[in-house]
Structures are given as C-alpha cells and as structure tokens.
$ cat model37.pdb   # PDB, C-alpha atoms
ATOM      1  CA  MET A   1       6.558  18.025 136.145  1.00  0.00           C
ATOM      2  CA  LYS A   2       8.403  20.636 134.148  1.00  0.00           C
ATOM      3  CA  GLY A   3      11.866  21.727 135.194  1.00  0.00           C
ATOM      4  CA  TYR A   4      13.786  24.966 134.992  1.00  0.00           C
ATOM      5  CA  LEU A   5      17.294  25.951 134.065  1.00  0.00           C
ATOM      6  CA  TRP A   6      19.130  27.013 137.219  1.00  0.00           C
ATOM      7  CA  THR A   7      20.765  30.439 136.845  1.00  0.00           C
ATOM      8  CA  GLY A   8      21.413  31.226 140.485  1.00  0.00           C
ATOM      9  CA  GLY A   9      25.066  30.269 140.447  1.00  0.00           C
ATOM     10  CA  ASP A  10      27.114  27.105 140.758  1.00  0.00           C
ATOM     11  CA  PRO A  11      25.709  24.707 143.393  1.00  0.00           C
ATOM     12  CA  GLY A  12      28.419  23.974 145.941  1.00  0.00           C
ATOM     13  CA  SER A  13      30.205  27.266 145.311  1.00  0.00           C
ATOM     14  CA  GLN A  14      31.707  29.245 148.188  1.00  0.00           C
ATOM     15  CA  SER A  15      28.949  31.842 147.897  1.00  0.00           C
ATOM     16  CA  THR A  16      26.950  29.820 150.421  1.00  0.00           C
ATOM     17  CA  VAL A  17      27.960  28.380 153.750  1.00  0.00           C
ATOM     18  CA  ALA A  18      29.290  24.886 153.154  1.00  0.00           C
ATOM     19  CA  PRO A  19      27.813  21.999 155.186  1.00  0.00           C
ATOM     20  CA  PRO A  20      30.035  19.870 157.415  1.00  0.00           C
ATOM     21  CA  ASP A  21      32.390  17.471 155.607  1.00  0.00           C
ATOM     22  CA  ASN A  22      30.478  14.439 156.861  1.00  0.00           C
ATOM     23  CA  GLY A  23      27.427  15.458 154.795  1.00  0.00           C
ATOM     24  CA  ARG A  24      25.267  16.008 157.865  1.00  0.00           C
ATOM     25  CA  LEU A  25      23.552  19.222 158.875  1.00  0.00           C
ATOM     26  CA  ALA A  26      25.364  21.754 161.004  1.00  0.00           C
ATOM     27  CA  PRO A  27      23.762  22.067 164.478  1.00  0.00           C
ATOM     28  CA  TRP A  28      22.106  25.390 163.641  1.00  0.00           C
ATOM     29  CA  GLU A  29      20.772  23.966 160.384  1.00  0.00           C
ATOM     30  CA  ALA A  30      19.387  20.902 162.144  1.00  0.00           C
ATOM     31  CA  ILE A  31      17.527  23.059 164.677  1.00  0.00           C
ATOM     32  CA  ALA A  32      16.048  25.296 161.960  1.00  0.00           C
ATOM     33  CA  VAL A  33      15.067  22.381 159.715  1.00  0.00           C
ATOM     34  CA  GLU A  34      13.439  20.498 162.588  1.00  0.00           C
ATOM     35  CA  ALA A  35      11.548  23.654 163.609  1.00  0.00           C
ATOM     36  CA  VAL A  36      10.079  23.972 160.116  1.00  0.00           C
ATOM     37  CA  GLY A  37       9.180  20.283 160.166  1.00  0.00           C
ATOM     38  CA  ASN A  38       7.375  20.685 163.488  1.00  0.00           C
ATOM     39  CA  VAL A  39       5.358  23.666 162.234  1.00  0.00           C
ATOM     40  CA  ILE A  40       4.389  21.850 159.042  1.00  0.00           C
ATOM     41  CA  GLU A  41       3.336  18.787 161.039  1.00  0.00           C
ATOM     42  CA  PHE A  42       1.224  21.000 163.328  1.00  0.00           C
ATOM     43  CA  TRP A  43      -0.620  22.236 160.217  1.00  0.00           C
ATOM     44  CA  GLY A  44      -1.494  18.670 159.249  1.00  0.00           C
ATOM     45  CA  PHE A  45       1.253  17.977 156.704  1.00  0.00           C
ATOM     46  CA  LYS A  46       4.065  15.451 156.915  1.00  0.00           C
ATOM     47  CA  ARG A  47       6.938  16.571 159.112  1.00  0.00           C
ATOM     48  CA  ASN A  48       9.517  15.527 156.533  1.00  0.00           C
ATOM     49  CA  GLN A  49       7.852  17.711 153.903  1.00  0.00           C
ATOM     50  CA  GLY A  50       8.698  20.694 156.071  1.00  0.00           C
ATOM     51  CA  ARG A  51      12.222  19.418 156.696  1.00  0.00           C
ATOM     52  CA  VAL A  52      12.912  19.052 152.958  1.00  0.00           C
ATOM     53  CA  TRP A  53      11.611  22.527 152.153  1.00  0.00           C
ATOM     54  CA  GLY A  54      13.457  24.012 155.144  1.00  0.00           C
ATOM     55  CA  LEU A  55      16.743  22.482 154.004  1.00  0.00           C
ATOM     56  CA  LEU A  56      16.349  23.718 150.423  1.00  0.00           C
ATOM     57  CA  TYR A  57      15.280  27.178 151.588  1.00  0.00           C
ATOM     58  CA  LEU A  58      18.220  27.549 153.974  1.00  0.00           C
ATOM     59  CA  ARG A  59      20.815  26.322 151.494  1.00  0.00           C
ATOM     60  CA  GLY A  60      19.593  28.687 148.805  1.00  0.00           C
ATOM     61  CA  GLU A  61      20.855  26.407 146.049  1.00  0.00           C
ATOM     62  CA  PRO A  62      19.376  23.347 144.340  1.00  0.00           C
ATOM     63  CA  LEU A  63      20.189  19.923 145.755  1.00  0.00           C
ATOM     64  CA  THR A  64      19.846  16.487 144.200  1.00  0.00           C
ATOM     65  CA  ALA A  65      17.523  13.876 145.665  1.00  0.00           C
ATOM     66  CA  GLY A  66      20.602  11.959 146.799  1.00  0.00           C
ATOM     67  CA  GLU A  67      21.973  14.978 148.640  1.00  0.00           C
ATOM     68  CA  ILE A  68      18.624  15.481 150.384  1.00  0.00           C
ATOM     69  CA  GLU A  69      18.631  11.801 151.401  1.00  0.00           C
ATOM     70  CA  ARG A  70      22.081  12.133 152.979  1.00  0.00           C
ATOM     71  CA  GLU A  71      21.484  15.476 154.661  1.00  0.00           C
ATOM     72  CA  LEU A  72      18.183  14.465 156.260  1.00  0.00           C
ATOM     73  CA  ASP A  73      18.919  10.749 156.676  1.00  0.00           C
ATOM     74  CA  LEU A  74      15.860   9.720 154.643  1.00  0.00           C
ATOM     75  CA  SER A  75      15.272   6.771 152.333  1.00  0.00           C
ATOM     76  CA  LYS A  76      15.378   7.095 148.549  1.00  0.00           C
ATOM     77  CA  GLY A  77      11.722   6.135 148.211  1.00  0.00           C
ATOM     78  CA  GLY A  78      10.701   8.515 150.975  1.00  0.00           C
ATOM     79  CA  VAL A  79      12.504  11.453 149.388  1.00  0.00           C
ATOM     80  CA  SER A  80      10.971  10.644 146.005  1.00  0.00           C
ATOM     81  CA  MET A  81       7.435  10.826 147.428  1.00  0.00           C
ATOM     82  CA  LEU A  82       8.177  13.988 149.421  1.00  0.00           C
ATOM     83  CA  LEU A  83       9.612  15.759 146.390  1.00  0.00           C
ATOM     84  CA  ARG A  84       6.646  14.729 144.251  1.00  0.00           C
ATOM     85  CA  ASP A  85       4.183  16.193 146.773  1.00  0.00           C
ATOM     86  CA  LEU A  86       6.149  19.402 147.289  1.00  0.00           C
ATOM     87  CA  GLU A  87       6.553  19.882 143.547  1.00  0.00           C
ATOM     88  CA  ARG A  88       2.835  19.385 142.973  1.00  0.00           C
ATOM     89  CA  TRP A  89       2.048  22.058 145.573  1.00  0.00           C
ATOM     90  CA  GLY A  90       4.474  24.472 143.955  1.00  0.00           C
ATOM     91  CA  VAL A  91       6.705  24.902 147.015  1.00  0.00           C
ATOM     92  CA  ILE A  92       9.798  23.498 145.303  1.00  0.00           C
ATOM     93  CA  GLN A  93      10.944  23.507 141.693  1.00  0.00           C
ATOM     94  CA  ARG A  94      12.845  20.944 139.694  1.00  0.00           C
ATOM     95  CA  VAL A  95      15.846  22.590 138.041  1.00  0.00           C
ATOM     96  CA  ARG A  96      18.766  21.535 135.893  1.00  0.00           C
ATOM     97  CA  VAL A  97      22.184  23.137 136.103  1.00  0.00           C
ATOM     98  CA  PRO A  98      23.939  23.751 132.751  1.00  0.00           C
ATOM     99  CA  GLN A  99      26.153  20.811 131.752  1.00  0.00           C
ATOM    100  CA  ASP A 100      24.565  18.690 134.495  1.00  0.00           C
ATOM    101  CA  THR A 101      22.400  15.663 133.704  1.00  0.00           C
ATOM    102  CA  VAL A 102      20.978  15.291 137.217  1.00  0.00           C
ATOM    103  CA  TRP A 103      17.756  16.956 138.314  1.00  0.00           C
ATOM    104  CA  ARG A 104      18.073  19.170 141.359  1.00  0.00           C
ATOM    105  CA  TYR A 105      15.429  20.771 143.550  1.00  0.00           C
ATOM    106  CA  ALA A 106      15.171  24.357 144.735  1.00  0.00           C
ATOM    107  CA  ALA A 107      12.800  25.891 147.264  1.00  0.00           C
ATOM    108  CA  GLU A 108      10.178  28.465 146.368  1.00  0.00           C
ATOM    109  CA  THR A 109      11.466  31.565 148.163  1.00  0.00           C
ATOM    110  CA  ASP A 110       8.373  33.745 147.758  1.00  0.00           C
ATOM    111  CA  LEU A 111       6.564  32.704 150.933  1.00  0.00           C
ATOM    112  CA  VAL A 112       3.240  34.337 150.010  1.00  0.00           C
ATOM    113  CA  ARG A 113       3.231  32.553 146.650  1.00  0.00           C
ATOM    114  CA  MET A 114       4.136  29.295 148.365  1.00  0.00           C
ATOM    115  CA  VAL A 115       1.265  29.521 150.863  1.00  0.00           C
ATOM    116  CA  THR A 116      -1.107  30.480 148.041  1.00  0.00           C
ATOM    117  CA  HIS A 117      -0.095  27.385 146.043  1.00  0.00           C
ATOM    118  CA  VAL A 118      -0.713  25.115 149.038  1.00  0.00           C
ATOM    119  CA  VAL A 119      -4.064  26.712 149.880  1.00  0.00           C
ATOM    120  CA  GLU A 120      -5.196  26.368 146.273  1.00  0.00           C
ATOM    121  CA  GLU A 121      -4.061  22.755 145.991  1.00  0.00           C
ATOM    122  CA  ARG A 122      -5.241  21.448 149.327  1.00  0.00           C
ATOM    123  CA  GLU A 123      -7.420  23.656 151.532  1.00  0.00           C
ATOM    124  CA  ALA A 124      -9.663  25.137 148.831  1.00  0.00           C
ATOM    125  CA  ALA A 125     -10.366  21.730 147.306  1.00  0.00           C
ATOM    126  CA  PHE A 126     -11.100  20.323 150.771  1.00  0.00           C
ATOM    127  CA  VAL A 127     -13.606  23.068 151.614  1.00  0.00           C
ATOM    128  CA  THR A 128     -15.317  22.543 148.259  1.00  0.00           C
ATOM    129  CA  ARG A 129     -15.832  18.872 149.148  1.00  0.00           C
ATOM    130  CA  ILE A 130     -17.185  19.853 152.564  1.00  0.00           C
ATOM    131  CA  ARG A 131     -19.727  22.154 150.929  1.00  0.00           C
ATOM    132  CA  ALA A 132     -20.851  19.350 148.648  1.00  0.00           C
ATOM    133  CA  ASP A 133     -21.214  16.956 151.611  1.00  0.00           C
ATOM    134  CA  LEU A 134     -23.271  19.462 153.614  1.00  0.00           C
ATOM    135  CA  SER A 135     -25.499  20.098 150.614  1.00  0.00           C
ATOM    136  CA  GLU A 136     -26.070  16.367 150.265  1.00  0.00           C
ATOM    137  CA  ALA A 137     -26.825  16.066 153.996  1.00  0.00           C
ATOM    138  CA  ARG A 138     -29.433  18.822 153.698  1.00  0.00           C
ATOM    139  CA  ARG A 139     -30.991  17.148 150.652  1.00  0.00           C
ATOM    140  CA  LEU A 140     -31.235  13.781 152.417  1.00  0.00           C
ATOM    141  CA  ALA A 141     -32.682  15.355 155.565  1.00  0.00           C
ATOM    142  CA  GLU A 142     -35.418  17.049 153.549  1.00  0.00           C
ATOM    143  CA  ALA A 143     -36.110  13.878 151.555  1.00  0.00           C
ATOM    144  CA  VAL A 144     -36.522  11.749 154.681  1.00  0.00           C
ATOM    145  CA  GLY A 145     -39.028  14.151 156.174  1.00  0.00           C
ATOM    146  CA  GLY A 146     -39.820  14.623 159.833  1.00  0.00           C
ATOM    147  CA  VAL A 147     -36.482  16.297 160.609  1.00  0.00           C
ATOM    148  CA  PRO A 148     -37.101  19.148 163.082  1.00  0.00           C
ATOM    149  CA  PRO A 149     -36.890  22.594 161.435  1.00  0.00           C
ATOM    150  CA  GLU A 150     -34.175  23.785 163.840  1.00  0.00           C
ATOM    151  CA  ARG A 151     -31.906  20.964 162.697  1.00  0.00           C
ATOM    152  CA  LEU A 152     -32.458  21.918 159.069  1.00  0.00           C
ATOM    153  CA  ARG A 153     -31.578  25.512 159.980  1.00  0.00           C
ATOM    154  CA  LYS A 154     -28.379  24.318 161.625  1.00  0.00           C
ATOM    155  CA  LEU A 155     -27.446  22.378 158.496  1.00  0.00           C
ATOM    156  CA  GLU A 156     -28.068  25.529 156.471  1.00  0.00           C
ATOM    157  CA  ARG A 157     -25.815  27.593 158.746  1.00  0.00           C
ATOM    158  CA  MET A 158     -23.068  24.966 158.495  1.00  0.00           C
ATOM    159  CA  ALA A 159     -23.314  25.141 154.702  1.00  0.00           C
ATOM    160  CA  THR A 160     -23.250  28.962 154.835  1.00  0.00           C
ATOM    161  CA  LEU A 161     -20.122  28.897 156.983  1.00  0.00           C
ATOM    162  CA  ALA A 162     -18.401  26.524 154.533  1.00  0.00           C
ATOM    163  CA  GLU A 163     -19.413  28.794 151.651  1.00  0.00           C
ATOM    164  CA  HIS A 164     -17.867  31.850 153.352  1.00  0.00           C
ATOM    165  CA  VAL A 165     -14.679  29.938 154.147  1.00  0.00           C
ATOM    166  CA  GLU A 166     -14.411  28.832 150.511  1.00  0.00           C
ATOM    167  CA  ARG A 167     -15.011  32.393 149.314  1.00  0.00           C
ATOM    168  CA  ALA A 168     -12.338  33.743 151.665  1.00  0.00           C
ATOM    169  CA  LEU A 169      -9.834  31.143 150.461  1.00  0.00           C
ATOM    170  CA  ARG A 170     -10.588  31.864 146.791  1.00  0.00           C
ATOM    171  CA  LEU A 171     -10.086  35.583 147.445  1.00  0.00           C
ATOM    172  CA  PHE A 172      -6.791  34.844 149.191  1.00  0.00           C
ATOM    173  CA  ILE A 173      -5.636  32.778 146.216  1.00  0.00           C
ATOM    174  CA  LYS A 174      -6.389  35.671 143.850  1.00  0.00           C
ATOM    175  CA  THR A 175      -5.223  38.632 145.956  1.00  0.00           C
ATOM    176  CA  SER A 176      -3.102  37.230 148.840  1.00  0.00           C
ATOM    177  CA  ARG A 177      -5.549  38.983 151.173  1.00  0.00           C
ATOM    178  CA  LEU A 178      -7.608  37.009 153.682  1.00  0.00           C
ATOM    179  CA  ASP A 179     -11.075  38.446 154.334  1.00  0.00           C
ATOM    180  CA  VAL A 180     -12.796  36.619 157.203  1.00  0.00           C
ATOM    181  CA  ALA A 181     -15.709  39.037 157.592  1.00  0.00           C
ATOM    182  CA  GLY A 182     -18.140  36.600 156.005  1.00  0.00           C
ATOM    183  CA  VAL A 183     -16.893  33.746 158.190  1.00  0.00           C
ATOM    184  CA  LEU A 184     -17.298  35.819 161.346  1.00  0.00           C
ATOM    185  CA  GLY A 185     -20.717  36.921 160.138  1.00  0.00           C
ATOM    186  CA  ALA A 186     -21.779  33.298 159.760  1.00  0.00           C
ATOM    187  CA  PHE A 187     -20.695  32.646 163.342  1.00  0.00           C
ATOM    188  CA  ARG A 188     -22.653  35.671 164.548  1.00  0.00           C
ATOM    189  CA  ASP A 189     -25.721  34.567 162.609  1.00  0.00           C
ATOM    190  CA  GLY A 190     -25.401  31.176 164.270  1.00  0.00           C
ATOM    191  CA  ALA A 191     -25.189  32.754 167.714  1.00  0.00           C
ATOM    192  CA  LEU A 192     -28.283  34.833 167.019  1.00  0.00           C
ATOM    193  CA  GLY A 193     -30.069  31.758 165.748  1.00  0.00           C
ATOM    194  CA  ARG A 194     -29.284  29.845 168.934  1.00  0.00           C
ATOM    195  CA  LYS A 195     -30.721  32.651 171.047  1.00  0.00           C
ATOM    196  CA  GLY A 196     -33.876  32.611 168.960  1.00  0.00           C
ATOM    197  CA  GLU A 197     -34.280  28.856 169.406  1.00  0.00           C
ATOM    198  CA  ARG A 198     -34.329  29.052 173.201  1.00  0.00           C
TER
END
$ encode --input "model37.pdb" --output "structure tokens"
Amino acid sequence: MKGYLWTGGDPGSQSTVAPPDNGRLAPWEAIAVEAVGNVIEFWGFKRNQGRVWGLLYLRGEPLTAGEIERELDLSKGGVSMLLRDLERWGVIQRVRVPQDTVWRYAAETDLVRMVTHVVEEREAAFVTRIRADLSEARRLAEAVGGVPPERLRKLERMATLAEHVERALRLFIKTSRLDVAGVLGAFRDGALGRKGER
C-alpha cells in the first residue's frame, strides 16, 4: 500500500492531549474507543477494527503499529492484520513523518469518504455476488422444469430487490446520497404480488 508524508505536525507534540504515562488509554478514551468497537462489531466487522480506527481518530496524529499494540493491548500479529484490512478499505492511511524511518498510521477523518470506501469495498461487492447467485438459482429452476410459476416469480422479485440495492449502493458511492426508492418499490411490488397469489 502506498504511504503519505505526514504534514499535520510533530506526533507526540503538546498540541494534542497526551496519554497517561503508563501508555494505556485514559478512561474517557477507553470508553470512546470501546463504543466505536461495539458499533463496528454490530455492523458485522471485527470489534478491534473499530477500536484501532477510534484510537487513531481521537488522537488526531499518526501512531506506529507498536504504539497501537501497547495502547489497545493487542498482539503484534493481530495489529498487523487489522491495519492491513483498514488500509485496504481506505479508513486509515500509512504515513511517514520527515526524518522518521518508521511507518505510522493515521485515521481517515472524512467520515462520508470513509463510509463510501467501506461500502465500495465490501457491501457493493457482496450484493453483486448475491445477484449472481439469484440469477443462477433462477436459471437452474427453469432448467429443472416443473417449478411452480409463483416460485419463479418470487425468485425474480428477490433478484429485482438485489438489483435495486446494488443500484442504490453504486449511487451512494458516486454521490454520497442513498436513494432507497427502488428498494422500497421492490418491497411494494412483492406485497402486491402476494395479494395476487391468494
């Protein structure tokens, strides 16, 4: 992954609130970092991914992998994997301070851009796979023959819903605006279809 030259000031300067001397998080930091970890875990990510980003975001200055290990009490291997994932999603950046040979990591502070990166990397790709699976299911059902027409219609509505979700996510990636009208329309079409099947 490419790195950047850090120009936000000297890490460890007095321009930010210094952590406790023992290298552990201050109580207020610990609460905030754990809260971010819990939210991230609720969304289906690893809790420690949220903790790492939360720490970097709060500190507002790049930290080394070793500093992250000490602050969050994580293993070297664990931090390495977490940083690799977060860097791939574009929610942290690898930076190098002038006259420093050690890579440091800084949080993406534009929250809309951060969410967009994650949606593009994970959710959009996932929905695309779902669409492909539903298309294959429909193809197999038609090839087998004898599948009741209402079941084929349900497969078609499932595929339509996935298509609208993918379209909404792609639009969000491009414009940072989430349009769920098509998704809601697919639900309404499904409701109307169920009434017609009774």
$ residues_near_point --input "model37.pdb" --point "(17.7, 21.3, 142.3)" --cutoff "8 Å" --atoms "only C-alpha atoms" --output "list of chain:residue names"
A:Trp6, A:Glu61, A:Pro62, A:Leu63, A:Thr64, A:Gln93, A:Arg94, A:Val95, A:Arg96, A:Val97, A:Trp103, A:Arg104, A:Tyr105, A:Ala106
$ write_last_selection --input "model37.pdb" --atoms "C-alpha atoms" --output "mmCIF file, keeping the file's coordinate frame"
data_model
loop_
_atom_site.group_PDB
_atom_site.id
_atom_site.type_symbol
_atom_site.label_atom_id
_atom_site.label_comp_id
_atom_site.auth_asym_id
_atom_site.auth_seq_id
_atom_site.Cartn_x
_atom_site.Cartn_y
_atom_site.Cartn_z
ATOM 1 C CA TRP A 6 19.130 27.013 137.219
ATOM 2 C CA GLU A 61 20.855 26.407 146.049
ATOM 3 C CA PRO A 62 19.376 23.347 144.340
ATOM 4 C CA LEU A 63 20.189 19.923 145.755
ATOM 5 C CA THR A 64 19.846 16.487 144.200
ATOM 6 C CA GLN A 93 10.944 23.507 141.693
ATOM 7 C CA ARG A 94 12.845 20.944 139.694
ATOM 8 C CA VAL A 95 15.846 22.590 138.041
ATOM 9 C CA ARG A 96 18.766 21.535 135.893
ATOM 10 C CA VAL A 97 22.184 23.137 136.103
ATOM 11 C CA TRP A 103 17.756 16.956 138.314
ATOM 12 C CA ARG A 104 18.073 19.170 141.359
ATOM 13 C CA TYR A 105 15.429 20.771 143.550
ATOM 14 C CA ALA A 106 15.171 24.357 144.735
#
$ resolve_selection --input "model37.pdb" --expression "the PyMOL selection byres ((chain A and resi 74-91) around 12)" --output "short mmCIF file (atom, residue, chain, number, x, y, z; two decimals) with C-alpha atoms, in the coordinates of the input"
data_model
loop_
_atom_site.label_atom_id
_atom_site.label_comp_id
_atom_site.auth_asym_id
_atom_site.auth_seq_id
_atom_site.Cartn_x
_atom_site.Cartn_y
_atom_site.Cartn_z
CA MET A 1 6.56 18.02 136.15
CA LYS A 2 8.40 20.64 134.15
CA GLY A 3 11.87 21.73 135.19
CA ARG A 24 25.27 16.01 157.86
CA PHE A 45 1.25 17.98 156.70
CA LYS A 46 4.07 15.45 156.92
CA ARG A 47 6.94 16.57 159.11
CA ASN A 48 9.52 15.53 156.53
CA GLN A 49 7.85 17.71 153.90
CA GLY A 50 8.70 20.69 156.07
CA ARG A 51 12.22 19.42 156.70
CA VAL A 52 12.91 19.05 152.96
CA TRP A 53 11.61 22.53 152.15
CA GLY A 54 13.46 24.01 155.14
CA LEU A 56 16.35 23.72 150.42
CA TYR A 57 15.28 27.18 151.59
CA LEU A 63 20.19 19.92 145.76
CA THR A 64 19.85 16.49 144.20
CA ALA A 65 17.52 13.88 145.66
CA GLY A 66 20.60 11.96 146.80
CA GLU A 67 21.97 14.98 148.64
CA ILE A 68 18.62 15.48 150.38
CA GLU A 69 18.63 11.80 151.40
CA ARG A 70 22.08 12.13 152.98
CA GLU A 71 21.48 15.48 154.66
CA LEU A 72 18.18 14.46 156.26
CA ASP A 73 18.92 10.75 156.68
CA ILE A 92 9.80 23.50 145.30
CA GLN A 93 10.94 23.51 141.69
CA ARG A 94 12.84 20.94 139.69
CA VAL A 95 15.85 22.59 138.04
CA TRP A 103 17.76 16.96 138.31
CA ARG A 104 18.07 19.17 141.36
CA TYR A 105 15.43 20.77 143.55
CA ALA A 106 15.17 24.36 144.74
CA ALA A 107 12.80 25.89 147.26
CA GLU A 108 10.18 28.46 146.37
CA THR A 109 11.47 31.56 148.16
CA ASP A 110 8.37 33.74 147.76
CA LEU A 111 6.56 32.70 150.93
CA VAL A 112 3.24 34.34 150.01
CA ARG A 113 3.23 32.55 146.65
CA MET A 114 4.14 29.30 148.36
CA VAL A 115 1.26 29.52 150.86
CA THR A 116 -1.11 30.48 148.04
CA HIS A 117 -0.10 27.38 146.04
CA VAL A 118 -0.71 25.12 149.04
CA VAL A 119 -4.06 26.71 149.88
CA GLU A 120 -5.20 26.37 146.27
CA GLU A 121 -4.06 22.76 145.99
CA ARG A 122 -5.24 21.45 149.33
CA GLU A 123 -7.42 23.66 151.53
#
$ residues_around --input "model37.pdb" --residues "Leu55 of chain A" --least-positions-apart "4" --cutoff "8 Å" --atoms "only C-alpha atoms" --output "PyMOL selection string"
chain A and resi 29+33+51+59
$ atom_distance --input "model37.pdb" --atom1 "atom CA of Thr128 of chain A" --atom2 "atom CA of His164 of chain A"
10.9 Å
$ residues_around --input "model37.pdb" --residues "Leu155 of chain A" --least-positions-apart "2" --cutoff "12 Å" --atoms "only C-alpha atoms" --output "ChimeraX atom specification"
/A:131,133-142,147-153,157-162,190
$ write_last_selection --input "model37.pdb" --atoms "C-alpha atoms" --output "tab-separated table (two decimals), keeping the file's coordinate frame"
chain	number	residue	atom	x	y	z
A	131	ARG	CA	-19.73	22.15	150.93
A	133	ASP	CA	-21.21	16.96	151.61
A	134	LEU	CA	-23.27	19.46	153.61
A	135	SER	CA	-25.50	20.10	150.61
A	136	GLU	CA	-26.07	16.37	150.26
A	137	ALA	CA	-26.82	16.07	154.00
A	138	ARG	CA	-29.43	18.82	153.70
A	139	ARG	CA	-30.99	17.15	150.65
A	140	LEU	CA	-31.24	13.78	152.42
A	141	ALA	CA	-32.68	15.36	155.56
A	142	GLU	CA	-35.42	17.05	153.55
A	147	VAL	CA	-36.48	16.30	160.61
A	148	PRO	CA	-37.10	19.15	163.08
A	149	PRO	CA	-36.89	22.59	161.44
A	150	GLU	CA	-34.17	23.78	163.84
A	151	ARG	CA	-31.91	20.96	162.70
A	152	LEU	CA	-32.46	21.92	159.07
A	153	ARG	CA	-31.58	25.51	159.98
A	157	ARG	CA	-25.82	27.59	158.75
A	158	MET	CA	-23.07	24.97	158.50
A	159	ALA	CA	-23.31	25.14	154.70
A	160	THR	CA	-23.25	28.96	154.84
A	161	LEU	CA	-20.12	28.90	156.98
A	162	ALA	CA	-18.40	26.52	154.53
A	190	GLY	CA	-25.40	31.18	164.27
$ atom_distance --input "model37.pdb" --atom1 "atom CA of Thr101 of chain A" --atom2 "atom CA of Ala30 of chain A"
29.1 Å
$ atom_distance --input "model37.pdb" --atom1 "atom CA of Gly44 of chain A" --atom2 "atom CA of Glu156 of chain A"
27.6 Å
$ closest_residue --input "model37.pdb" --among "A:Ala26, A:Ile40, A:Ala143, A:Val127" --to "Ala168 of chain A" --atoms "all atoms listed in the file"
A:Val127
